[in-house]
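Shown here: my_file.txt, compact mmCIF, N, CA, C and O atoms.
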```txt
# COMPACT_ATOMS: atom_id res chain seq x y z
N ALA A 132 -47.01 6.01 43.04
CA ALA A 132 -48.14 5.12 43.30
C ALA A 132 -48.37 4.20 42.10
O ALA A 132 -48.19 4.59 40.96
N PHE A 133 -48.74 3.00 42.39
CA PHE A 133 -49.15 1.98 41.42
C PHE A 133 -48.03 1.51 40.50
O PHE A 133 -48.31 0.90 39.46
N TRP A 134 -46.77 1.75 40.81
CA TRP A 134 -45.69 1.22 39.98
C TRP A 134 -45.78 -0.30 39.95
O TRP A 134 -45.91 -0.95 40.99
N HIS A 135 -45.72 -0.85 38.76
CA HIS A 135 -45.78 -2.30 38.54
C HIS A 135 -47.08 -2.92 39.07
O HIS A 135 -47.17 -4.14 39.22
N GLY A 136 -48.09 -2.09 39.35
CA GLY A 136 -49.37 -2.60 39.84
C GLY A 136 -50.08 -3.37 38.75
O GLY A 136 -49.94 -3.09 37.56
N GLU A 137 -50.86 -4.36 39.14
CA GLU A 137 -51.61 -5.17 38.19
C GLU A 137 -53.07 -5.23 38.59
O GLU A 137 -53.41 -5.41 39.76
N ASN A 138 -53.94 -5.07 37.58
CA ASN A 138 -55.38 -5.23 37.74
C ASN A 138 -55.94 -4.40 38.89
O ASN A 138 -56.56 -4.93 39.82
N ILE A 139 -55.73 -3.10 38.80
CA ILE A 139 -56.19 -2.15 39.81
C ILE A 139 -57.26 -1.26 39.18
O ILE A 139 -57.10 -0.79 38.05
N THR A 140 -58.35 -1.01 39.92
CA THR A 140 -59.38 -0.08 39.49
C THR A 140 -59.52 1.00 40.55
O THR A 140 -59.64 0.69 41.73
N VAL A 141 -59.49 2.27 40.10
CA VAL A 141 -59.66 3.41 41.00
C VAL A 141 -60.80 4.26 40.45
O VAL A 141 -60.82 4.59 39.26
N ARG A 142 -61.73 4.63 41.34
CA ARG A 142 -62.89 5.42 40.94
C ARG A 142 -62.97 6.69 41.79
O ARG A 142 -62.65 6.67 42.97
N ASN A 143 -63.45 7.77 41.15
CA ASN A 143 -63.84 8.99 41.87
C ASN A 143 -62.75 9.47 42.83
O ASN A 143 -63.03 9.76 43.99
N SER A 144 -61.53 9.56 42.35
CA SER A 144 -60.40 9.92 43.22
C SER A 144 -59.51 10.97 42.58
O SER A 144 -59.48 11.12 41.37
N VAL A 145 -58.78 11.69 43.43
CA VAL A 145 -57.71 12.57 42.99
C VAL A 145 -56.42 11.84 43.29
O VAL A 145 -56.18 11.41 44.43
N ILE A 146 -55.59 11.67 42.27
CA ILE A 146 -54.33 10.95 42.41
C ILE A 146 -53.22 11.92 42.05
O ILE A 146 -53.14 12.40 40.92
N LYS A 147 -52.36 12.20 43.02
CA LYS A 147 -51.30 13.19 42.82
C LYS A 147 -49.95 12.53 43.07
O LYS A 147 -49.74 11.91 44.11
N GLY A 148 -49.05 12.68 42.09
CA GLY A 148 -47.70 12.15 42.26
C GLY A 148 -46.95 12.15 40.95
O GLY A 148 -47.55 12.07 39.88
N GLU A 149 -45.65 12.23 41.06
CA GLU A 149 -44.80 12.17 39.88
C GLU A 149 -44.65 10.73 39.42
O GLU A 149 -44.61 9.81 40.24
N TYR A 150 -44.59 10.54 38.11
CA TYR A 150 -44.34 9.23 37.50
C TYR A 150 -45.40 8.20 37.91
O TYR A 150 -45.10 7.04 38.16
N LEU A 151 -46.64 8.62 37.96
CA LEU A 151 -47.75 7.79 38.38
C LEU A 151 -47.88 6.53 37.54
O LEU A 151 -47.92 6.59 36.31
N ALA A 152 -47.94 5.40 38.20
CA ALA A 152 -48.32 4.10 37.62
C ALA A 152 -47.39 3.60 36.52
O ALA A 152 -47.82 2.80 35.68
N TRP A 153 -46.15 3.99 36.54
CA TRP A 153 -45.23 3.47 35.53
C TRP A 153 -45.18 1.95 35.62
O TRP A 153 -45.21 1.36 36.69
N TYR A 154 -45.16 1.31 34.46
CA TYR A 154 -45.03 -0.14 34.32
C TYR A 154 -46.23 -0.91 34.87
O TYR A 154 -46.14 -2.09 35.17
N SER A 155 -47.37 -0.26 35.01
CA SER A 155 -48.56 -0.97 35.49
C SER A 155 -49.18 -1.77 34.35
O SER A 155 -48.93 -1.50 33.17
N ASP A 156 -49.99 -2.74 34.71
CA ASP A 156 -50.69 -3.56 33.73
C ASP A 156 -52.12 -3.77 34.24
O ASP A 156 -52.32 -4.31 35.32
N GLY A 157 -53.08 -3.32 33.46
CA GLY A 157 -54.48 -3.51 33.83
C GLY A 157 -55.00 -2.46 34.79
O GLY A 157 -55.93 -2.73 35.54
N LEU A 158 -54.44 -1.25 34.74
CA LEU A 158 -54.94 -0.16 35.58
C LEU A 158 -56.14 0.48 34.91
O LEU A 158 -56.09 0.84 33.73
N THR A 159 -57.23 0.63 35.66
CA THR A 159 -58.43 1.30 35.18
C THR A 159 -58.72 2.48 36.09
O THR A 159 -58.82 2.31 37.30
N LEU A 160 -58.83 3.67 35.49
CA LEU A 160 -59.14 4.89 36.22
C LEU A 160 -60.48 5.41 35.71
O LEU A 160 -60.64 5.65 34.51
N ILE A 161 -61.45 5.57 36.63
CA ILE A 161 -62.78 6.00 36.26
C ILE A 161 -63.12 7.27 37.04
O ILE A 161 -63.07 7.26 38.27
N ASN A 162 -63.42 8.34 36.32
CA ASN A 162 -63.79 9.61 36.94
C ASN A 162 -62.74 10.07 37.96
O ASN A 162 -63.06 10.43 39.09
N CYS A 163 -61.48 10.03 37.55
CA CYS A 163 -60.38 10.44 38.42
C CYS A 163 -59.72 11.70 37.90
O CYS A 163 -59.78 12.00 36.71
N ARG A 164 -59.07 12.43 38.80
CA ARG A 164 -58.26 13.60 38.45
C ARG A 164 -56.81 13.23 38.71
O ARG A 164 -56.46 12.84 39.83
N ILE A 165 -55.98 13.37 37.69
CA ILE A 165 -54.57 13.02 37.76
C ILE A 165 -53.77 14.31 37.84
O ILE A 165 -53.98 15.23 37.04
N ILE A 166 -52.82 14.37 38.78
CA ILE A 166 -51.96 15.54 38.95
C ILE A 166 -50.53 15.06 39.10
O ILE A 166 -50.25 14.18 39.92
N GLY A 167 -49.61 15.61 38.30
CA GLY A 167 -48.19 15.30 38.44
C GLY A 167 -47.51 15.06 37.11
O GLY A 167 -48.14 14.72 36.11
N THR A 168 -46.21 15.23 37.11
CA THR A 168 -45.41 15.12 35.89
C THR A 168 -45.26 13.67 35.42
O THR A 168 -45.22 12.75 36.22
N GLN A 169 -45.19 13.49 34.14
CA GLN A 169 -44.94 12.24 33.44
C GLN A 169 -45.79 11.07 33.94
O GLN A 169 -45.28 10.00 34.27
N PRO A 170 -47.10 11.24 33.96
CA PRO A 170 -47.95 10.16 34.44
C PRO A 170 -48.20 9.08 33.39
O PRO A 170 -48.18 9.35 32.19
N LEU A 171 -48.42 7.88 33.87
CA LEU A 171 -48.98 6.80 33.08
C LEU A 171 -48.11 6.41 31.89
O LEU A 171 -48.60 6.20 30.79
N CYS A 172 -46.82 6.29 32.14
CA CYS A 172 -45.87 5.86 31.12
C CYS A 172 -45.55 4.38 31.29
O CYS A 172 -45.58 3.84 32.39
N TYR A 173 -45.25 3.71 30.18
CA TYR A 173 -44.84 2.31 30.16
C TYR A 173 -45.95 1.40 30.68
O TYR A 173 -45.68 0.36 31.28
N CYS A 174 -47.21 1.78 30.47
CA CYS A 174 -48.36 1.01 30.95
C CYS A 174 -48.85 0.06 29.87
O CYS A 174 -48.80 0.36 28.68
N GLU A 175 -49.39 -1.06 30.31
CA GLU A 175 -50.08 -2.00 29.45
C GLU A 175 -51.55 -2.03 29.88
O GLU A 175 -51.83 -2.00 31.08
N ASN A 176 -52.44 -2.10 28.92
CA ASN A 176 -53.87 -2.25 29.21
C ASN A 176 -54.41 -1.16 30.15
O ASN A 176 -55.21 -1.44 31.04
N LEU A 177 -53.97 0.07 29.93
CA LEU A 177 -54.46 1.21 30.72
C LEU A 177 -55.80 1.66 30.16
O LEU A 177 -55.94 1.85 28.94
N ILE A 178 -56.78 1.85 31.04
CA ILE A 178 -58.08 2.36 30.64
C ILE A 178 -58.38 3.58 31.50
O ILE A 178 -58.26 3.52 32.73
N MET A 179 -58.73 4.67 30.85
CA MET A 179 -59.16 5.89 31.54
C MET A 179 -60.53 6.26 31.01
O MET A 179 -60.70 6.45 29.80
N GLU A 180 -61.50 6.37 31.92
CA GLU A 180 -62.86 6.73 31.55
C GLU A 180 -63.25 8.01 32.26
O GLU A 180 -63.23 8.05 33.49
N ASP A 181 -63.57 9.04 31.50
CA ASP A 181 -64.11 10.28 32.05
C ASP A 181 -63.19 10.88 33.12
O ASP A 181 -63.63 11.25 34.20
N CYS A 182 -61.90 10.95 32.82
CA CYS A 182 -60.91 11.46 33.76
C CYS A 182 -60.50 12.89 33.40
O CYS A 182 -60.79 13.38 32.31
N GLU A 183 -59.80 13.54 34.33
CA GLU A 183 -59.21 14.85 34.10
C GLU A 183 -57.72 14.75 34.39
O GLU A 183 -57.30 13.96 35.23
N MET A 184 -56.95 15.58 33.69
CA MET A 184 -55.51 15.63 33.92
C MET A 184 -55.13 17.07 34.24
O MET A 184 -55.44 17.97 33.47
N GLY A 185 -54.48 17.28 35.38
CA GLY A 185 -54.12 18.61 35.84
C GLY A 185 -53.02 19.26 35.03
O GLY A 185 -52.42 18.65 34.15
N ASP A 186 -52.75 20.52 35.37
CA ASP A 186 -51.77 21.32 34.64
C ASP A 186 -50.38 20.70 34.58
O ASP A 186 -49.65 20.92 33.64
N GLY A 187 -49.98 19.94 35.56
CA GLY A 187 -48.63 19.39 35.59
C GLY A 187 -48.45 18.11 34.82
O GLY A 187 -47.37 17.52 34.82
N CYS A 188 -49.47 17.63 34.15
CA CYS A 188 -49.40 16.34 33.46
C CYS A 188 -48.73 16.48 32.10
O CYS A 188 -49.39 16.48 31.05
N ASP A 189 -47.42 16.56 32.14
CA ASP A 189 -46.66 16.66 30.90
C ASP A 189 -46.02 15.31 30.56
O ASP A 189 -45.89 14.45 31.41
N LEU A 190 -45.67 15.14 29.31
CA LEU A 190 -45.00 13.94 28.83
C LEU A 190 -45.76 12.67 29.22
O LEU A 190 -45.18 11.66 29.59
N SER A 191 -47.06 12.72 29.09
CA SER A 191 -47.94 11.62 29.49
C SER A 191 -47.90 10.47 28.49
O SER A 191 -47.70 10.68 27.29
N PHE A 192 -48.11 9.25 29.00
CA PHE A 192 -48.40 8.04 28.21
C PHE A 192 -47.23 7.49 27.40
O PHE A 192 -47.44 6.68 26.49
N GLU A 193 -46.01 7.86 27.69
CA GLU A 193 -44.88 7.36 26.89
C GLU A 193 -44.85 5.83 26.92
O GLU A 193 -44.94 5.21 27.97
N ASP A 194 -44.72 5.24 25.75
CA ASP A 194 -44.63 3.79 25.56
C ASP A 194 -45.77 3.03 26.22
O ASP A 194 -45.59 1.94 26.74
N SER A 195 -46.97 3.61 26.21
CA SER A 195 -48.12 2.95 26.83
C SER A 195 -49.10 2.42 25.79
O SER A 195 -49.23 2.97 24.70
N ALA A 196 -49.80 1.35 26.18
CA ALA A 196 -50.91 0.79 25.42
C ALA A 196 -52.17 1.14 26.20
O ALA A 196 -52.33 0.70 27.34
N LEU A 197 -53.05 1.97 25.61
CA LEU A 197 -54.13 2.54 26.41
C LEU A 197 -55.38 2.84 25.61
O LEU A 197 -55.33 2.95 24.38
N GLN A 198 -56.47 3.02 26.34
CA GLN A 198 -57.73 3.56 25.84
C GLN A 198 -58.09 4.66 26.84
O GLN A 198 -58.42 4.36 27.99
N ALA A 199 -57.97 5.92 26.44
CA ALA A 199 -58.17 7.03 27.37
C ALA A 199 -59.20 8.02 26.85
O ALA A 199 -59.11 8.47 25.71
N VAL A 200 -60.16 8.35 27.72
CA VAL A 200 -61.10 9.43 27.47
C VAL A 200 -60.89 10.44 28.59
O VAL A 200 -61.17 10.16 29.76
N VAL A 201 -60.36 11.60 28.20
CA VAL A 201 -59.97 12.63 29.17
C VAL A 201 -60.84 13.85 28.89
O VAL A 201 -60.84 14.38 27.78
N ARG A 202 -61.57 14.28 29.90
CA ARG A 202 -62.52 15.39 29.70
C ARG A 202 -61.90 16.75 29.96
O ARG A 202 -62.61 17.75 30.11
N SER A 203 -60.58 16.82 30.01
CA SER A 203 -59.85 18.08 30.19
C SER A 203 -58.76 18.14 29.14
O SER A 203 -58.61 17.25 28.31
N GLY A 204 -57.96 19.19 29.24
CA GLY A 204 -56.78 19.27 28.40
C GLY A 204 -55.64 18.45 29.01
O GLY A 204 -55.67 18.09 30.18
N ILE A 205 -54.67 18.16 28.17
CA ILE A 205 -53.45 17.48 28.61
C ILE A 205 -52.29 18.35 28.16
O ILE A 205 -52.25 18.79 27.01
N VAL A 206 -51.34 18.61 29.06
CA VAL A 206 -50.20 19.48 28.72
C VAL A 206 -49.44 18.91 27.54
O VAL A 206 -49.21 19.59 26.54
N SER A 207 -49.00 17.65 27.64
CA SER A 207 -48.30 17.02 26.52
C SER A 207 -48.39 15.51 26.60
O SER A 207 -48.49 14.92 27.67
N VAL A 208 -48.36 14.91 25.42
CA VAL A 208 -48.37 13.46 25.24
C VAL A 208 -47.10 13.11 24.48
O VAL A 208 -46.76 13.77 23.50
N LYS A 209 -46.40 12.06 24.96
CA LYS A 209 -45.15 11.68 24.30
C LYS A 209 -45.16 10.20 23.93
O LYS A 209 -45.31 9.33 24.79
N ASN A 210 -44.98 9.92 22.67
CA ASN A 210 -44.77 8.58 22.13
C ASN A 210 -45.68 7.50 22.70
O ASN A 210 -45.20 6.45 23.14
N PRO A 211 -47.01 7.69 22.68
CA PRO A 211 -47.87 6.59 23.11
C PRO A 211 -47.76 5.45 22.08
O PRO A 211 -47.74 5.70 20.87
N ARG A 212 -47.64 4.22 22.55
CA ARG A 212 -47.36 3.11 21.65
C ARG A 212 -48.57 2.64 20.84
O ARG A 212 -48.49 2.45 19.63
N THR A 213 -49.71 2.44 21.50
CA THR A 213 -50.87 1.92 20.78
C THR A 213 -52.15 2.20 21.55
O THR A 213 -52.11 2.48 22.74
N GLY A 214 -53.28 2.14 20.87
CA GLY A 214 -54.58 2.38 21.49
C GLY A 214 -55.16 3.70 21.02
O GLY A 214 -55.03 4.07 19.85
N SER A 215 -55.79 4.43 21.97
CA SER A 215 -56.39 5.71 21.60
C SER A 215 -56.41 6.65 22.80
O SER A 215 -56.49 6.22 23.95
N ILE A 216 -56.33 7.94 22.47
CA ILE A 216 -56.43 9.01 23.45
C ILE A 216 -57.42 10.03 22.89
O ILE A 216 -57.25 10.50 21.77
N ARG A 217 -58.42 10.34 23.68
CA ARG A 217 -59.37 11.40 23.32
C ARG A 217 -59.38 12.39 24.47
O ARG A 217 -59.62 12.01 25.61
N ALA A 218 -59.10 13.66 24.16
CA ALA A 218 -59.02 14.70 25.19
C ALA A 218 -59.66 15.97 24.66
O ALA A 218 -59.81 16.15 23.45
N LEU A 219 -59.97 16.85 25.58
CA LEU A 219 -60.51 18.16 25.19
C LEU A 219 -59.49 18.88 24.32
O LEU A 219 -59.79 19.32 23.22
N THR A 220 -58.26 19.00 24.83
CA THR A 220 -57.14 19.58 24.07
C THR A 220 -55.86 18.85 24.47
O THR A 220 -55.80 18.23 25.52
N ILE A 221 -54.86 18.97 23.63
CA ILE A 221 -53.51 18.49 23.96
C ILE A 221 -52.56 19.60 23.55
O ILE A 221 -52.51 19.99 22.38
N GLY A 222 -51.82 20.13 24.54
CA GLY A 222 -50.92 21.24 24.27
C GLY A 222 -49.82 20.89 23.29
O GLY A 222 -49.52 21.65 22.38
N GLU A 223 -49.22 19.71 23.46
CA GLU A 223 -48.14 19.28 22.57
C GLU A 223 -48.18 17.76 22.44
O GLU A 223 -48.32 17.04 23.43
N THR A 224 -48.06 17.29 21.22
CA THR A 224 -47.93 15.87 20.95
C THR A 224 -46.53 15.63 20.42
O THR A 224 -46.15 16.20 19.39
N ILE A 225 -45.77 14.81 21.14
CA ILE A 225 -44.38 14.55 20.78
C ILE A 225 -44.29 13.12 20.24
O ILE A 225 -44.56 12.16 20.94
N ILE A 226 -43.95 13.01 18.97
CA ILE A 226 -43.68 11.73 18.35
C ILE A 226 -42.29 11.84 17.76
O ILE A 226 -42.05 12.65 16.86
N ASP A 227 -41.37 11.05 18.30
CA ASP A 227 -39.99 11.14 17.82
C ASP A 227 -39.43 9.77 17.47
O ASP A 227 -40.15 8.77 17.47
N LYS A 228 -38.14 9.70 17.21
CA LYS A 228 -37.50 8.46 16.76
C LYS A 228 -37.55 7.35 17.81
O LYS A 228 -37.29 6.19 17.51
N ASN A 229 -37.89 7.67 19.05
CA ASN A 229 -37.94 6.68 20.11
C ASN A 229 -39.30 5.99 20.23
O ASN A 229 -39.48 5.14 21.10
N LEU A 230 -40.26 6.33 19.37
CA LEU A 230 -41.57 5.70 19.38
C LEU A 230 -41.42 4.21 19.10
O LEU A 230 -40.82 3.81 18.11
N LEU A 231 -42.00 3.38 19.98
CA LEU A 231 -41.90 1.94 19.83
C LEU A 231 -43.08 1.40 19.02
O LEU A 231 -44.17 1.95 19.03
N SER A 232 -42.84 0.29 18.36
CA SER A 232 -43.84 -0.38 17.54
C SER A 232 -44.97 -0.90 18.42
O SER A 232 -44.72 -1.32 19.54
N PRO A 233 -46.22 -0.83 17.97
CA PRO A 233 -46.60 -0.53 16.61
C PRO A 233 -46.72 0.96 16.30
O PRO A 233 -46.83 1.32 15.13
N GLY A 234 -46.72 1.82 17.30
CA GLY A 234 -46.76 3.26 17.03
C GLY A 234 -48.00 3.72 16.32
O GLY A 234 -47.95 4.63 15.49
N ASP A 235 -49.13 3.12 16.66
CA ASP A 235 -50.38 3.43 15.94
C ASP A 235 -51.46 4.02 16.83
O ASP A 235 -52.65 3.91 16.53
N CYS A 236 -51.08 4.66 17.91
CA CYS A 236 -52.06 5.25 18.83
C CYS A 236 -52.84 6.36 18.12
O CYS A 236 -52.26 7.26 17.52
N LYS A 237 -54.16 6.28 18.20
CA LYS A 237 -55.03 7.29 17.60
C LYS A 237 -55.23 8.40 18.65
O LYS A 237 -55.65 8.13 19.76
N ILE A 238 -54.93 9.62 18.26
CA ILE A 238 -55.02 10.77 19.17
C ILE A 238 -56.03 11.76 18.61
O ILE A 238 -55.90 12.21 17.47
N GLU A 239 -57.06 12.07 19.43
CA GLU A 239 -58.12 12.98 19.01
C GLU A 239 -58.32 14.06 20.07
O GLU A 239 -58.23 13.78 21.25
N THR A 240 -58.63 15.26 19.60
CA THR A 240 -59.04 16.34 20.51
C THR A 240 -60.40 16.84 20.07
O THR A 240 -60.77 16.77 18.90
N GLU A 241 -61.14 17.37 21.05
CA GLU A 241 -62.46 17.89 20.76
C GLU A 241 -62.41 19.33 20.27
O GLU A 241 -63.32 19.79 19.60
N ILE A 242 -61.33 20.04 20.63
CA ILE A 242 -61.20 21.43 20.20
C ILE A 242 -60.03 21.52 19.24
O ILE A 242 -59.00 20.97 19.43
```

Before anything else, please render the file you have as structure tokens.
Amino acid sequence: AFWHGENITVRNSVIKGEYLAWYSDGLTLINCRIIGTQPLCYCENLIMEDCEMGDGCDLSFEDSALQAVVRSGIVSVKNPRTGSIRALTIGETIIDKNLLSPGDCKIETEI
């Protein structure tokens, strides 16, 4: 869902699927629950407000530019490019040699 989508806003929804919204630009998710592997990678201008990410949300946000406030835990985050991620917890943060510039994403957890 939402591959290459532009300027989409989704509110109060459960979105389930693998590789959700890859290559999207201007996707805004408000009070949504995300379920599925490798969501929200290669995104530009991704905004998440008061969202939850289910147990299967691994390797999230690879090469994405985002502002995310997640009120749940996230299984894993991989190489987010820029912006910020705030979550209750993050099981694993993967930053490796494939991180693209600017590579300055601020990652915070509450616990």

Near segment 139-144 of chain A, counting all atoms listed in the file, which residues have an atom at most 5 Å away, once you skip same-chain residues fewer than 5 positions from it, shown as a list in words?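 The residues that qualify are Gly157, Leu158, Thr159, Leu160, Ile161, Asn162, Cys163 and Arg164 of chain A.
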
Got a sec to tell me which of chain A DSSP assigns to strand (DSSP E), as a PyMOL selection string? chain A and resi 137-142+145-147+156-161+164-166+177-184+196-209+213-225+237-240

Atom CA of Ile166 of chain A to atom CA of Phe192 of chain A, distance in Å rounded to a single decimal: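 Atom CA of Phe192 of chain A lies at a distance of 13.6 Å from atom CA of Ile166 of chain A.
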
May I ask which of the residues A:Gln169, A:Thr213, A:His135, A:Leu230 is the closest one to Ser155 of chain A, counting all atoms listed in the file?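 So, comparing all the options, the nearest one is A:His135.
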
When distances are computed from only C-alpha atoms, which of A:Leu231, A:Ala152, A:Cys182, A:Cys236 shows the smallest separation from Leu219 of chain A?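 Smallest distance to Leu219 of chain A is found for A:Cys182.
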
For atom N of Leu171 of chain A and atom CA of Gly185 of chain A, determine how far apart the two atoms are, in Å to one decimal place. 12.3 Å

Applying 5 Å and all atoms listed in the file, which residues near Met179 of chain A remain after dropping the ones on its own chain fewer than 5 positions away? List them as a PyMOL selection string. chain A and resi 160+198-200

Quick one: everything within 10 Å of Gly214 of chain A, counting only C-alpha atoms, minus sequence neighbours fewer than 3 positions away in the same chain. Send it as a count of residues only. 15

Distance cut-off 8 Å, centre (-47.3, 8.1, 24.7) in file coordinates, counting only C-alpha atoms: which residues qualify? Return them as a tab-separated table (two decimals) with N, CA, C and O atoms, keeping the file's coordinate frame.
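Generated file (out-v8.tsv):
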```tsv
chain	number	residue	atom	x	y	z
A	172	CYS	N	-46.82	6.29	32.14
A	172	CYS	CA	-45.87	5.86	31.12
A	172	CYS	C	-45.55	4.38	31.29
A	172	CYS	O	-45.58	3.84	32.39
A	190	LEU	N	-45.67	15.14	29.31
A	190	LEU	CA	-45.00	13.94	28.83
A	190	LEU	C	-45.76	12.67	29.22
A	190	LEU	O	-45.18	11.66	29.59
A	191	SER	N	-47.06	12.72	29.09
A	191	SER	CA	-47.94	11.62	29.49
A	191	SER	C	-47.90	10.47	28.49
A	191	SER	O	-47.70	10.68	27.29
A	192	PHE	N	-48.11	9.25	29.00
A	192	PHE	CA	-48.40	8.04	28.21
A	192	PHE	C	-47.23	7.49	27.40
A	192	PHE	O	-47.44	6.68	26.49
A	193	GLU	N	-46.01	7.86	27.69
A	193	GLU	CA	-44.88	7.36	26.89
A	193	GLU	C	-44.85	5.83	26.92
A	193	GLU	O	-44.94	5.21	27.97
A	194	ASP	N	-44.72	5.24	25.75
A	194	ASP	CA	-44.63	3.79	25.56
A	194	ASP	C	-45.77	3.03	26.22
A	194	ASP	O	-45.59	1.94	26.74
A	195	SER	N	-46.97	3.61	26.21
A	195	SER	CA	-48.12	2.95	26.83
A	195	SER	C	-49.10	2.42	25.79
A	195	SER	O	-49.23	2.97	24.70
A	208	VAL	N	-48.36	14.91	25.42
A	208	VAL	CA	-48.37	13.46	25.24
A	208	VAL	C	-47.10	13.11	24.48
A	208	VAL	O	-46.76	13.77	23.50
A	209	LYS	N	-46.40	12.06	24.96
A	209	LYS	CA	-45.15	11.68	24.30
A	209	LYS	C	-45.16	10.20	23.93
A	209	LYS	O	-45.31	9.33	24.79
A	210	ASN	N	-44.98	9.92	22.67
A	210	ASN	CA	-44.77	8.58	22.13
A	210	ASN	C	-45.68	7.50	22.70
A	210	ASN	O	-45.20	6.45	23.14
A	211	PRO	N	-47.01	7.69	22.68
A	211	PRO	CA	-47.87	6.59	23.11
A	211	PRO	C	-47.76	5.45	22.08
A	211	PRO	O	-47.74	5.70	20.87
A	212	ARG	N	-47.64	4.22	22.55
A	212	ARG	CA	-47.36	3.11	21.65
A	212	ARG	C	-48.57	2.64	20.84
A	212	ARG	O	-48.49	2.45	19.63
```

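When the distance limit is 6 Å and all atoms listed in the file are what count, the residues near Val206 of chain A, minus those fewer than 5 positions from it on the same chain, are Gly185, Asp186, Cys188, Asp189, Leu190, Thr220, Ile221, Gly222, Glu223 and Thr224 of chain A.
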
Okay, now the selection with N, CA, C and O atoms, as a tab-separated table (two decimals), in the coordinates of the input?
```tsv
chain	number	residue	atom	x	y	z
A	185	GLY	N	-54.48	17.28	35.38
A	185	GLY	CA	-54.12	18.61	35.84
A	185	GLY	C	-53.02	19.26	35.03
A	185	GLY	O	-52.42	18.65	34.15
A	186	ASP	N	-52.75	20.52	35.37
A	186	ASP	CA	-51.77	21.32	34.64
A	186	ASP	C	-50.38	20.70	34.58
A	186	ASP	O	-49.65	20.92	33.64
A	188	CYS	N	-49.47	17.63	34.15
A	188	CYS	CA	-49.40	16.34	33.46
A	188	CYS	C	-48.73	16.48	32.10
A	188	CYS	O	-49.39	16.48	31.05
A	189	ASP	N	-47.42	16.56	32.14
A	189	ASP	CA	-46.66	16.66	30.90
A	189	ASP	C	-46.02	15.31	30.56
A	189	ASP	O	-45.89	14.45	31.41
A	190	LEU	N	-45.67	15.14	29.31
A	190	LEU	CA	-45.00	13.94	28.83
A	190	LEU	C	-45.76	12.67	29.22
A	190	LEU	O	-45.18	11.66	29.59
A	220	THR	N	-58.26	19.00	24.83
A	220	THR	CA	-57.14	19.58	24.07
A	220	THR	C	-55.86	18.85	24.47
A	220	THR	O	-55.80	18.23	25.52
A	221	ILE	N	-54.86	18.97	23.63
A	221	ILE	CA	-53.51	18.49	23.96
A	221	ILE	C	-52.56	19.60	23.55
A	221	ILE	O	-52.51	19.99	22.38
A	222	GLY	N	-51.82	20.13	24.54
A	222	GLY	CA	-50.92	21.24	24.27
A	222	GLY	C	-49.82	20.89	23.29
A	222	GLY	O	-49.52	21.65	22.38
A	223	GLU	N	-49.22	19.71	23.46
A	223	GLU	CA	-48.14	19.28	22.57
A	223	GLU	C	-48.18	17.76	22.44
A	223	GLU	O	-48.32	17.04	23.43
A	224	THR	N	-48.06	17.29	21.22
A	224	THR	CA	-47.93	15.87	20.95
A	224	THR	C	-46.53	15.63	20.42
A	224	THR	O	-46.15	16.20	19.39
```

Length of the atom C of Gly136 of chain A to atom C of Ser215 of chain A vector [Å]: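 Separation between atom C of Gly136 of chain A and atom C of Ser215 of chain A: 19.9 Å.
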
Residue nearest Glu175 of chain A - candidates A:Trp134, A:Glu149, A:Arg202, A:Asp156, atoms counted: all atoms listed in the file: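 Checking each candidate against Glu175 of chain A, we get A:Asp156 as the closest.
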
Could you list, as a PyMOL selection string, every residue within 5 Å of Ala132 of chain A, counting only N, CA, C and O atoms and ignoring same-chain residues fewer than 4 positions away? chain A and resi 150-153

Go ahead and save the picked residues with N, CA, C and O atoms, as a PDB file, keeping the file's coordinate frame.
```
ATOM      1  N   TYR A 150     -44.590  10.540  38.110  1.00  0.00           N
ATOM      2  CA  TYR A 150     -44.340   9.230  37.500  1.00  0.00           C
ATOM      3  C   TYR A 150     -45.400   8.200  37.910  1.00  0.00           C
ATOM      4  O   TYR A 150     -45.100   7.040  38.160  1.00  0.00           O
ATOM      5  N   LEU A 151     -46.640   8.620  37.960  1.00  0.00           N
ATOM      6  CA  LEU A 151     -47.750   7.790  38.380  1.00  0.00           C
ATOM      7  C   LEU A 151     -47.880   6.530  37.540  1.00  0.00           C
ATOM      8  O   LEU A 151     -47.920   6.590  36.310  1.00  0.00           O
ATOM      9  N   ALA A 152     -47.940   5.400  38.200  1.00  0.00           N
ATOM     10  CA  ALA A 152     -48.320   4.100  37.620  1.00  0.00           C
ATOM     11  C   ALA A 152     -47.390   3.600  36.520  1.00  0.00           C
ATOM     12  O   ALA A 152     -47.820   2.800  35.680  1.00  0.00           O
ATOM     13  N   TRP A 153     -46.150   3.990  36.540  1.00  0.00           N
ATOM     14  CA  TRP A 153     -45.230   3.470  35.530  1.00  0.00           C
ATOM     15  C   TRP A 153     -45.180   1.950  35.620  1.00  0.00           C
ATOM     16  O   TRP A 153     -45.210   1.360  36.690  1.00  0.00           O
TER      17      TRP A 153
END
```

Which residue, A:Phe133, A:Gly148, A:Arg217, A:Glu183, has the smallest gap to Pro170 of chain A when you use only N, CA, C and O atoms? A:Gly148
